[in-house]
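These notes are about the structure you will find just below.
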Amino acid sequence: MTTRKKLEGNGLWESSRMMLPEHKEAIIRYQHEEGRRSRPTLDSQEMELIERALAESFNKQCAITLTIYDEYEDIKLSGIVTSLNTHRREIKFAIGTEDWEWIKVDEIISVR
């Protein structure tokens, strides 16, 4: 009966009194990799809508909310496009009054 209980859930790991640091790191790395997501593919129409919204924010200085792809969790930023670099396909995005960052257009998965 005790053996059966050790094999349920995470009992095998929890029942071990000693674990090598390398094994613990490998388990943590594996759990981290399990949460990784793949990049969504956007069709040409969706990319055109994103680029149009970025240009409108730049020209009219109106605020937009970007959703930026990340392997684990999407990032949402609100602000105004202050500069466009078409050669590098990047935008300078002002967040608040003093903060800004360069964002690659290919990293943006939606705009509101």
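Ligands are numbered from 1 in the order shown, chains are lettered A, B, ... in the order of the structure tokens, and residues start at 1 in each chain.
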All strand (DSSP E or B) residues (DSSP, backbone) inside chain A, as a count of residues only: 32
Selection: 9 Å around Ser38 of chain A, only C-alpha atoms, excl. self and same-chain fewer than 4 positions, as a list in words: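 Non-adjacent residues within range: Asp70, Glu71 and Tyr72 of chain A.
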May I have the selected residues written with N, CA and C atoms, as a PDB file, in the first residue's frame?
```
ATOM      1  N   ASP A  70       5.326  36.782 -26.961  1.00  0.00           N
ATOM      2  CA  ASP A  70       6.366  36.291 -26.073  1.00  0.00           C
ATOM      3  C   ASP A  70       6.183  34.779 -25.978  1.00  0.00           C
ATOM      4  N   GLU A  71       7.264  34.049 -25.792  1.00  0.00           N
ATOM      5  CA  GLU A  71       7.192  32.588 -25.777  1.00  0.00           C
ATOM      6  C   GLU A  71       6.303  32.042 -24.677  1.00  0.00           C
ATOM      7  N   TYR A  72       6.147  32.773 -23.584  1.00  0.00           N
ATOM      8  CA  TYR A  72       5.409  32.259 -22.435  1.00  0.00           C
ATOM      9  C   TYR A  72       4.096  32.987 -22.188  1.00  0.00           C
TER      10      TYR A  72
END
```
Those of chain A in DSSP alpha helix (DSSP H), formatted as a PyMOL selection string: chain A and resi 2-6+11-15+21-34+44-60
Atom CA of Gln31 of chain A to atom CA of Lys76 of chain A, distance in Å rounded to a single decimal: 24.5 Å
If we count only C-alpha atoms and set the cut-off at 12 Å, which residues sit around Arg88 of chain A, ignoring sequence neighbours fewer than 2 positions away in its own chain? Please answer as a PDB file with N, CA, C and O atoms, in the first residue's frame.
```pdb
ATOM      1  N   SER A  83       7.884  57.144 -33.895  1.00  0.00           N
ATOM      2  CA  SER A  83       8.816  57.069 -35.010  1.00  0.00           C
ATOM      3  C   SER A  83       8.650  55.727 -35.721  1.00  0.00           C
ATOM      4  O   SER A  83       8.387  54.708 -35.079  1.00  0.00           O
ATOM      5  N   LEU A  84       8.816  55.757 -37.044  1.00  0.00           N
ATOM      6  CA  LEU A  84       8.755  54.537 -37.856  1.00  0.00           C
ATOM      7  C   LEU A  84      10.091  54.349 -38.555  1.00  0.00           C
ATOM      8  O   LEU A  84      10.596  55.271 -39.183  1.00  0.00           O
ATOM      9  N   ASN A  85      10.657  53.162 -38.451  1.00  0.00           N
ATOM     10  CA  ASN A  85      11.869  52.836 -39.192  1.00  0.00           C
ATOM     11  C   ASN A  85      11.499  51.713 -40.155  1.00  0.00           C
ATOM     12  O   ASN A  85      11.491  50.537 -39.787  1.00  0.00           O
ATOM     13  N   THR A  86      11.160  52.088 -41.385  1.00  0.00           N
ATOM     14  CA  THR A  86      10.683  51.095 -42.350  1.00  0.00           C
ATOM     15  C   THR A  86      11.791  50.157 -42.807  1.00  0.00           C
ATOM     16  O   THR A  86      11.527  49.001 -43.100  1.00  0.00           O
ATOM     17  N   GLU A  90      10.832  48.573 -37.572  1.00  0.00           N
ATOM     18  CA  GLU A  90      10.678  48.821 -36.143  1.00  0.00           C
ATOM     19  C   GLU A  90       9.896  50.103 -35.929  1.00  0.00           C
ATOM     20  O   GLU A  90       9.873  50.977 -36.792  1.00  0.00           O
ATOM     21  N   ILE A  91       9.279  50.192 -34.762  1.00  0.00           N
ATOM     22  CA  ILE A  91       8.609  51.428 -34.359  1.00  0.00           C
ATOM     23  C   ILE A  91       9.195  51.871 -33.026  1.00  0.00           C
ATOM     24  O   ILE A  91       9.623  51.048 -32.224  1.00  0.00           O
ATOM     25  N   LYS A  92       9.214  53.177 -32.827  1.00  0.00           N
ATOM     26  CA  LYS A  92       9.571  53.723 -31.515  1.00  0.00           C
ATOM     27  C   LYS A  92       8.239  53.995 -30.834  1.00  0.00           C
ATOM     28  O   LYS A  92       7.430  54.780 -31.329  1.00  0.00           O
ATOM     29  N   TRP A 102      11.983  50.543 -28.693  1.00  0.00           N
ATOM     30  CA  TRP A 102      11.913  50.130 -30.083  1.00  0.00           C
ATOM     31  C   TRP A 102      11.303  48.735 -30.120  1.00  0.00           C
ATOM     32  O   TRP A 102      11.721  47.848 -29.390  1.00  0.00           O
ATOM     33  N   ILE A 103      10.305  48.560 -30.975  1.00  0.00           N
ATOM     34  CA  ILE A 103       9.609  47.274 -31.091  1.00  0.00           C
ATOM     35  C   ILE A 103       9.621  46.853 -32.551  1.00  0.00           C
ATOM     36  O   ILE A 103       9.288  47.649 -33.437  1.00  0.00           O
ATOM     37  N   LYS A 104       9.999  45.618 -32.803  1.00  0.00           N
ATOM     38  CA  LYS A 104       9.973  45.074 -34.158  1.00  0.00           C
ATOM     39  C   LYS A 104       8.522  44.820 -34.563  1.00  0.00           C
ATOM     40  O   LYS A 104       7.754  44.242 -33.796  1.00  0.00           O
ATOM     41  N   VAL A 105       8.161  45.244 -35.762  1.00  0.00           N
ATOM     42  CA  VAL A 105       6.790  45.081 -36.258  1.00  0.00           C
ATOM     43  C   VAL A 105       6.418  43.597 -36.305  1.00  0.00           C
ATOM     44  O   VAL A 105       5.276  43.226 -36.024  1.00  0.00           O
ATOM     45  N   ASP A 106       7.378  42.729 -36.617  1.00  0.00           N
ATOM     46  CA  ASP A 106       7.096  41.295 -36.707  1.00  0.00           C
ATOM     47  C   ASP A 106       6.767  40.670 -35.355  1.00  0.00           C
ATOM     48  O   ASP A 106       6.215  39.566 -35.312  1.00  0.00           O
TER      49      ASP A 106
END
```
Counting only C-alpha atoms, the option among A:Arg112, A:Gly35, A:Glu101, A:Arg29 closest to Glu56 of chain A: A:Arg112
Pairwise distance for atom CA of Glu73 of chain A and atom CA of Ser57 of chain A, rounded to one decimal in Å: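 Result for atom CA of Glu73 of chain A versus atom CA of Ser57 of chain A: 24.8 Å, one decimal.
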A:Thr82, A:Thr97, A:Leu42, A:Ile50 ranked by distance to Cys62 of chain A, top pick (using only C-alpha atoms): A:Thr82
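Comparing A:Ile27, A:Val111, A:Gln45, A:Glu98 by their smallest distance to Ala63 of chain A, the closest is A:Val111 (using only C-alpha atoms).
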Do you know which residues are at most 10 Å from Asp99 of chain A counting only C-alpha atoms, after dropping those on the same chain fewer than 5 positions away, and could you put them as a compact mmCIF listing (two decimals) with N, CA and C atoms, in the first residue's frame?
```txt
# COMPACT_ATOMS: atom_id res chain seq x y z
N GLY A 79 0.32 53.03 -25.72
CA GLY A 79 1.10 54.23 -25.96
C GLY A 79 0.88 54.77 -27.36
N PHE A 93 8.01 53.32 -29.72
CA PHE A 93 6.71 53.34 -29.05
C PHE A 93 6.85 54.04 -27.71
N ALA A 94 6.17 55.19 -27.57
CA ALA A 94 6.21 55.97 -26.33
C ALA A 94 5.18 55.41 -25.35
```
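Coordinates place atom CA of Met19 of chain A at a distance of 18.9 Å from atom CA of His32 of chain A.
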